[in-house]
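**Student:** Please find input.cif (mmCIF, C-alpha atoms) on the next line:
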```cif
data_query
loop_
_atom_site.group_PDB
_atom_site.id
_atom_site.type_symbol
_atom_site.label_atom_id
_atom_site.label_comp_id
_atom_site.auth_asym_id
_atom_site.auth_seq_id
_atom_site.Cartn_x
_atom_site.Cartn_y
_atom_site.Cartn_z
ATOM 1 C CA MET A 1 137.364 73.164 116.387
ATOM 2 C CA LYS A 2 134.499 75.603 116.799
ATOM 3 C CA ILE A 3 134.443 78.686 114.558
ATOM 4 C CA ILE A 4 132.556 81.851 115.518
ATOM 5 C CA ARG A 5 132.165 84.463 112.749
ATOM 6 C CA PHE A 6 131.550 88.207 113.018
ATOM 7 C CA GLN A 7 131.242 90.910 110.403
ATOM 8 C CA VAL A 8 133.344 93.792 111.664
ATOM 9 C CA GLY A 9 134.675 97.183 110.763
ATOM 10 C CA PHE A 10 133.827 99.699 108.104
ATOM 11 C CA LEU A 11 133.696 97.103 105.295
ATOM 12 C CA GLY A 12 131.921 94.300 107.150
ATOM 13 C CA THR A 13 134.990 92.058 107.002
ATOM 14 C CA ASN A 14 134.722 88.494 108.286
ATOM 15 C CA CYS A 15 136.459 88.032 111.626
ATOM 16 C CA TYR A 16 136.683 84.646 113.313
ATOM 17 C CA LEU A 17 137.286 83.108 116.699
ATOM 18 C CA ALA A 18 138.889 79.713 116.087
ATOM 19 C CA CYS A 19 138.250 77.820 119.313
ATOM 20 C CA CYS A 20 139.569 74.596 120.807
ATOM 21 C CA GLU A 21 136.440 73.097 122.336
ATOM 22 C CA ARG A 22 138.390 70.985 124.835
ATOM 23 C CA THR A 23 140.435 73.844 126.348
ATOM 24 C CA ALA A 24 138.275 76.934 125.562
ATOM 25 C CA LYS A 25 141.317 78.655 124.032
ATOM 26 C CA CYS A 26 140.923 80.660 120.851
ATOM 27 C CA ALA A 27 142.657 82.640 118.154
ATOM 28 C CA ILE A 28 141.173 85.904 116.903
ATOM 29 C CA ILE A 29 141.500 86.003 113.123
ATOM 30 C CA ASP A 30 141.254 89.292 111.178
ATOM 31 C CA PRO A 31 139.849 91.677 113.803
ATOM 32 C CA GLY A 32 139.060 94.579 111.489
ATOM 33 C CA GLY A 33 137.027 96.502 114.083
ATOM 34 C CA ASN A 34 134.272 96.135 116.669
ATOM 35 C CA GLU A 35 136.709 95.091 119.387
ATOM 36 C CA GLN A 36 134.025 95.433 122.091
ATOM 37 C CA GLU A 37 131.802 92.907 120.312
ATOM 38 C CA ILE A 38 134.749 90.507 119.977
ATOM 39 C CA LEU A 39 135.665 90.928 123.657
ATOM 40 C CA HIS A 40 132.041 90.397 124.683
ATOM 41 C CA GLN A 41 131.862 87.117 122.725
ATOM 42 C CA ILE A 42 135.131 85.883 124.250
ATOM 43 C CA GLN A 43 133.818 86.649 127.745
ATOM 44 C CA ALA A 44 130.324 85.258 127.068
ATOM 45 C CA ASP A 45 131.763 81.941 125.842
ATOM 46 C CA ARG A 46 134.374 81.885 128.635
ATOM 47 C CA LEU A 47 137.198 81.683 126.134
ATOM 48 C CA THR A 48 140.865 82.504 126.606
ATOM 49 C CA ALA A 49 142.452 84.218 123.624
ATOM 50 C CA GLU A 50 145.921 82.978 122.742
ATOM 51 C CA CYS A 51 146.753 85.214 119.778
ATOM 52 C CA ILE A 52 145.567 87.533 117.045
ATOM 53 C CA ILE A 53 146.178 86.319 113.496
ATOM 54 C CA ASN A 54 146.014 88.647 110.504
ATOM 55 C CA THR A 55 145.585 86.809 107.194
ATOM 56 C CA HIS A 56 146.981 89.926 105.550
ATOM 57 C CA GLY A 57 147.653 93.544 106.433
ATOM 58 C CA HIS A 58 144.845 95.564 104.878
ATOM 59 C CA ALA A 59 143.128 97.970 107.253
ATOM 60 C CA ASP A 60 139.832 96.095 107.305
ATOM 61 C CA HIS A 61 141.662 93.074 108.774
ATOM 62 C CA ILE A 62 143.867 94.824 111.383
ATOM 63 C CA MET A 63 141.963 97.802 112.876
ATOM 64 C CA ALA A 64 141.226 96.112 116.220
ATOM 65 C CA ASP A 65 144.661 94.475 116.633
ATOM 66 C CA GLN A 66 146.039 96.948 119.144
ATOM 67 C CA PRO A 67 142.944 97.365 121.354
ATOM 68 C CA LEU A 68 142.572 93.578 121.572
ATOM 69 C CA LYS A 69 146.282 93.033 122.148
ATOM 70 C CA THR A 70 146.165 95.517 125.017
ATOM 71 C CA ALA A 71 142.947 94.147 126.536
ATOM 72 C CA LEU A 72 143.948 90.477 126.287
ATOM 73 C CA ALA A 73 147.775 90.583 126.457
ATOM 74 C CA VAL A 74 148.137 88.378 123.378
ATOM 75 C CA PRO A 75 150.625 88.481 120.486
ATOM 76 C CA VAL A 76 149.793 89.689 116.982
ATOM 77 C CA CYS A 77 150.829 87.314 114.176
ATOM 78 C CA ILE A 78 151.076 88.072 110.466
ATOM 79 C CA HIS A 79 152.917 86.656 107.471
ATOM 80 C CA ARG A 80 156.328 88.234 107.109
ATOM 81 C CA ASP A 81 155.464 89.570 103.638
ATOM 82 C CA ASP A 82 152.660 91.726 105.107
ATOM 83 C CA ALA A 83 154.341 92.810 108.349
ATOM 84 C CA GLU A 84 155.160 96.315 107.128
ATOM 85 C CA LEU A 85 151.477 96.971 106.347
ATOM 86 C CA LEU A 86 150.811 97.116 110.102
ATOM 87 C CA LEU A 87 153.064 100.173 110.293
ATOM 88 C CA ASP A 88 152.123 102.187 107.196
ATOM 89 C CA SER A 89 148.690 103.669 106.510
ATOM 90 C CA ARG A 90 149.498 103.983 102.803
ATOM 91 C CA LEU A 91 150.321 100.300 102.473
ATOM 92 C CA ASN A 92 147.371 99.082 104.559
ATOM 93 C CA VAL A 93 145.157 101.522 102.579
ATOM 94 C CA SER A 94 143.557 103.058 105.691
ATOM 95 C CA MET A 95 144.654 106.547 104.642
ATOM 96 C CA PHE A 96 142.286 106.274 101.680
ATOM 97 C CA PHE A 97 139.365 105.762 104.079
ATOM 98 C CA GLY A 98 140.246 108.813 106.160
ATOM 99 C CA ASN A 99 141.423 107.185 109.386
ATOM 100 C CA GLY A 100 145.145 106.609 108.691
ATOM 101 C CA TYR A 101 145.570 103.580 110.975
ATOM 102 C CA THR A 102 149.046 102.480 111.976
ATOM 103 C CA GLY A 103 149.738 99.815 114.559
ATOM 104 C CA GLU A 104 152.752 98.280 116.208
ATOM 105 C CA PRO A 105 155.135 95.664 114.809
ATOM 106 C CA ALA A 106 153.880 92.089 114.837
ATOM 107 C CA ASP A 107 154.989 89.877 117.692
ATOM 108 C CA ARG A 108 155.323 86.816 115.468
ATOM 109 C CA LEU A 109 156.146 86.721 111.774
ATOM 110 C CA LEU A 110 154.621 83.749 110.012
ATOM 111 C CA THR A 111 155.869 81.733 107.050
ATOM 112 C CA ASP A 112 154.274 79.044 104.911
ATOM 113 C CA GLY A 113 153.890 75.816 106.853
ATOM 114 C CA ASP A 114 154.138 77.337 110.333
ATOM 115 C CA ILE A 115 151.908 75.804 112.988
ATOM 116 C CA ILE A 116 149.934 77.974 115.396
ATOM 117 C CA LYS A 117 148.828 75.980 118.418
ATOM 118 C CA ILE A 118 145.420 76.889 119.867
ATOM 119 C CA GLY A 119 144.766 74.744 122.915
ATOM 120 C CA GLU A 120 144.931 71.183 121.586
ATOM 121 C CA GLU A 121 144.282 72.253 117.979
ATOM 122 C CA ASN A 122 146.780 73.272 115.306
ATOM 123 C CA LEU A 123 146.351 75.858 112.585
ATOM 124 C CA ARG A 124 148.727 75.562 109.625
ATOM 125 C CA VAL A 125 149.808 78.695 107.757
ATOM 126 C CA ILE A 126 149.199 78.388 104.009
ATOM 127 C CA HIS A 127 150.725 81.268 102.097
#
```
Translate this file's structure into structure tokens.
**Tutor:**
Amino acid sequence: MKIIRFQVGFLGTNCYLACCERTAKCAIIDPGGNEQEILHQIQADRLTAECIINTHGHADHIMADQPLKTALAVPVCIHRDDAELLLDSRLNVSMFFGNGYTGEPADRLLTDGDIIKIGEENLRVIH
């Protein structure tokens, strides 16, 4: 598996593309901003995004979820314990940074031990 790292958003959060080198499919992990940079990298490397994975629901990890979901037609995945943070700017703490971000409900709720298939690779959820 190839990992591409970006620093994104207002806090410079680490965002990753986890890529299956055999199939050129990838997962976008923690897109906290800079969606155009992420999209450019996906296009430049001729990757196909399969999903967006949020490791948790704080604003600096979710801010580009919706623009990327719309642009790439991929599902958003998050652990079930953090799902409500996507919908509440108080819980995801974005209201304290002045932008009050709220998104849409996750498409897939994750639990400990779940497998997320990316091409021929598997990512295991560890909660």
**Student:** Ranking A:Gln7, A:Thr55, A:Thr70, A:Thr48 by minimum distance to Gly33 of chain A and counting all atoms listed in the file, which one comes first?
**Tutor:**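 The closest residue to Gly33 of chain A is A:Gln7.
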**Student:** Given the choices A:Cys51, A:Leu110, A:Met95, A:Leu39, which gets closest to Ile126 of chain A if the distance is worked out from all atoms listed in the file?
**Tutor:**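 Closest candidate: A:Leu110.
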**Student:** Do you know which residues the PyMOL selection byres ((chain A and resi 68) around 9) returns on this file, as a list of chain:residue names?
**Tutor:**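 Output from the PyMOL selection byres ((chain A and resi 68) around 9), applied to this file: A:Pro31, A:Glu35, A:Gln36, A:Ile38, A:Leu39, A:Ile52, A:Ala64, A:Asp65, A:Gln66, A:Pro67, A:Lys69, A:Thr70, A:Ala71, A:Leu72, A:Ala73, A:Val74.
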**Student:** In Å, rounded to a single decimal, give me how far atom CA of Cys77 of chain A is from atom CA of Ile115 of chain A.
**Tutor:**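 Those two atoms sit 11.6 Å apart.
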**Student:** I'd like to know which of A:Glu104, A:Asp114, A:Glu50, A:Asp60 is closest to His79 of chain A, using all atoms listed in the file.
**Tutor:**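 Looking only at the distances to His79 of chain A, the closest residue turns out to be A:Asp114.
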**Student:** Find the residues near segment 81-88 of chain A: any atom within 8 Å, counting all atoms listed in the file, skip ones fewer than 2 places away on the same chain, and give them as a CSV table (one decimal) with C-alpha atoms, keeping the file's coordinate frame.
**Tutor:**
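As a result, part_12.csv now contains:
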```
chain,number,residue,atom,x,y,z
A,56,HIS,CA,147.0,89.9,105.6
A,57,GLY,CA,147.7,93.5,106.4
A,58,HIS,CA,144.8,95.6,104.9
A,62,ILE,CA,143.9,94.8,111.4
A,78,ILE,CA,151.1,88.1,110.5
A,79,HIS,CA,152.9,86.7,107.5
A,90,ARG,CA,149.5,104.0,102.8
A,91,LEU,CA,150.3,100.3,102.5
A,92,ASN,CA,147.4,99.1,104.6
A,101,TYR,CA,145.6,103.6,111.0
A,102,THR,CA,149.0,102.5,112.0
A,103,GLY,CA,149.7,99.8,114.6
A,104,GLU,CA,152.8,98.3,116.2
A,105,PRO,CA,155.1,95.7,114.8
A,106,ALA,CA,153.9,92.1,114.8
A,109,LEU,CA,156.1,86.7,111.8
```
**Student:** From the set A:Ala27, A:Ile116, A:Val8, A:Cys19, which residue has the shortest atom-to-atom contact distance to Met63 of chain A, counting only C-alpha atoms?
**Tutor:**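 Ranked by minimum distance to Met63 of chain A, first place goes to A:Val8.
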**Student:** Can you spell out as number ranges by chain the set of residues that the PyMOL selection byres ((chain A and resi 23) around 10) selects in the structure I just provided?
**Tutor:** A: 19-22, 24-26, 47-48, 118-121
**Student:** Give as a ChimeraX atom specification each residue that has an atom at most 6 Å from (138.0, 79.0, 116.1) in the file, counting only C-alpha atoms.
**Tutor:** /A:1-3,17-19,26
**Student:** Counting all atoms listed in the file, which residues sit no farther than 6 Å from the position (132.3, 87.7, 112.9) in the file's frame? I'd like them as a list in words.
**Tutor:**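 Collected hits near the coordinates: Arg5, Phe6, Gln7, Asn14, Cys15 and Tyr16 of chain A.
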**Student:** For atom CA of Asp107 of chain A and atom CA of Pro75 of chain A, quote the distance in Å rounded to one decimal.
**Tutor:**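 These two atoms are separated by 5.4 Å.
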**Student:** Between A:Asp45, A:His61, A:Asn122, A:Phe10, which has the minimum distance to Gly32 of chain A (counting all atoms listed in the file)?
**Tutor:** A:His61
**Student:** Between A:Glu37, A:Gly113, A:Arg80, A:Gln43, which one has atoms that come closest to Gly9 of chain A, using all atoms listed in the file?
**Tutor:**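 Using all atoms listed in the file, Gly9 of chain A sits closest to A:Glu37.
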**Student:** Expressed in Å to a single decimal, how great is the separation between atom CA of Gly98 of chain A and atom CA of Ile53 of chain A?
**Tutor:**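 Between these atoms lies a distance of 24.4 Å.
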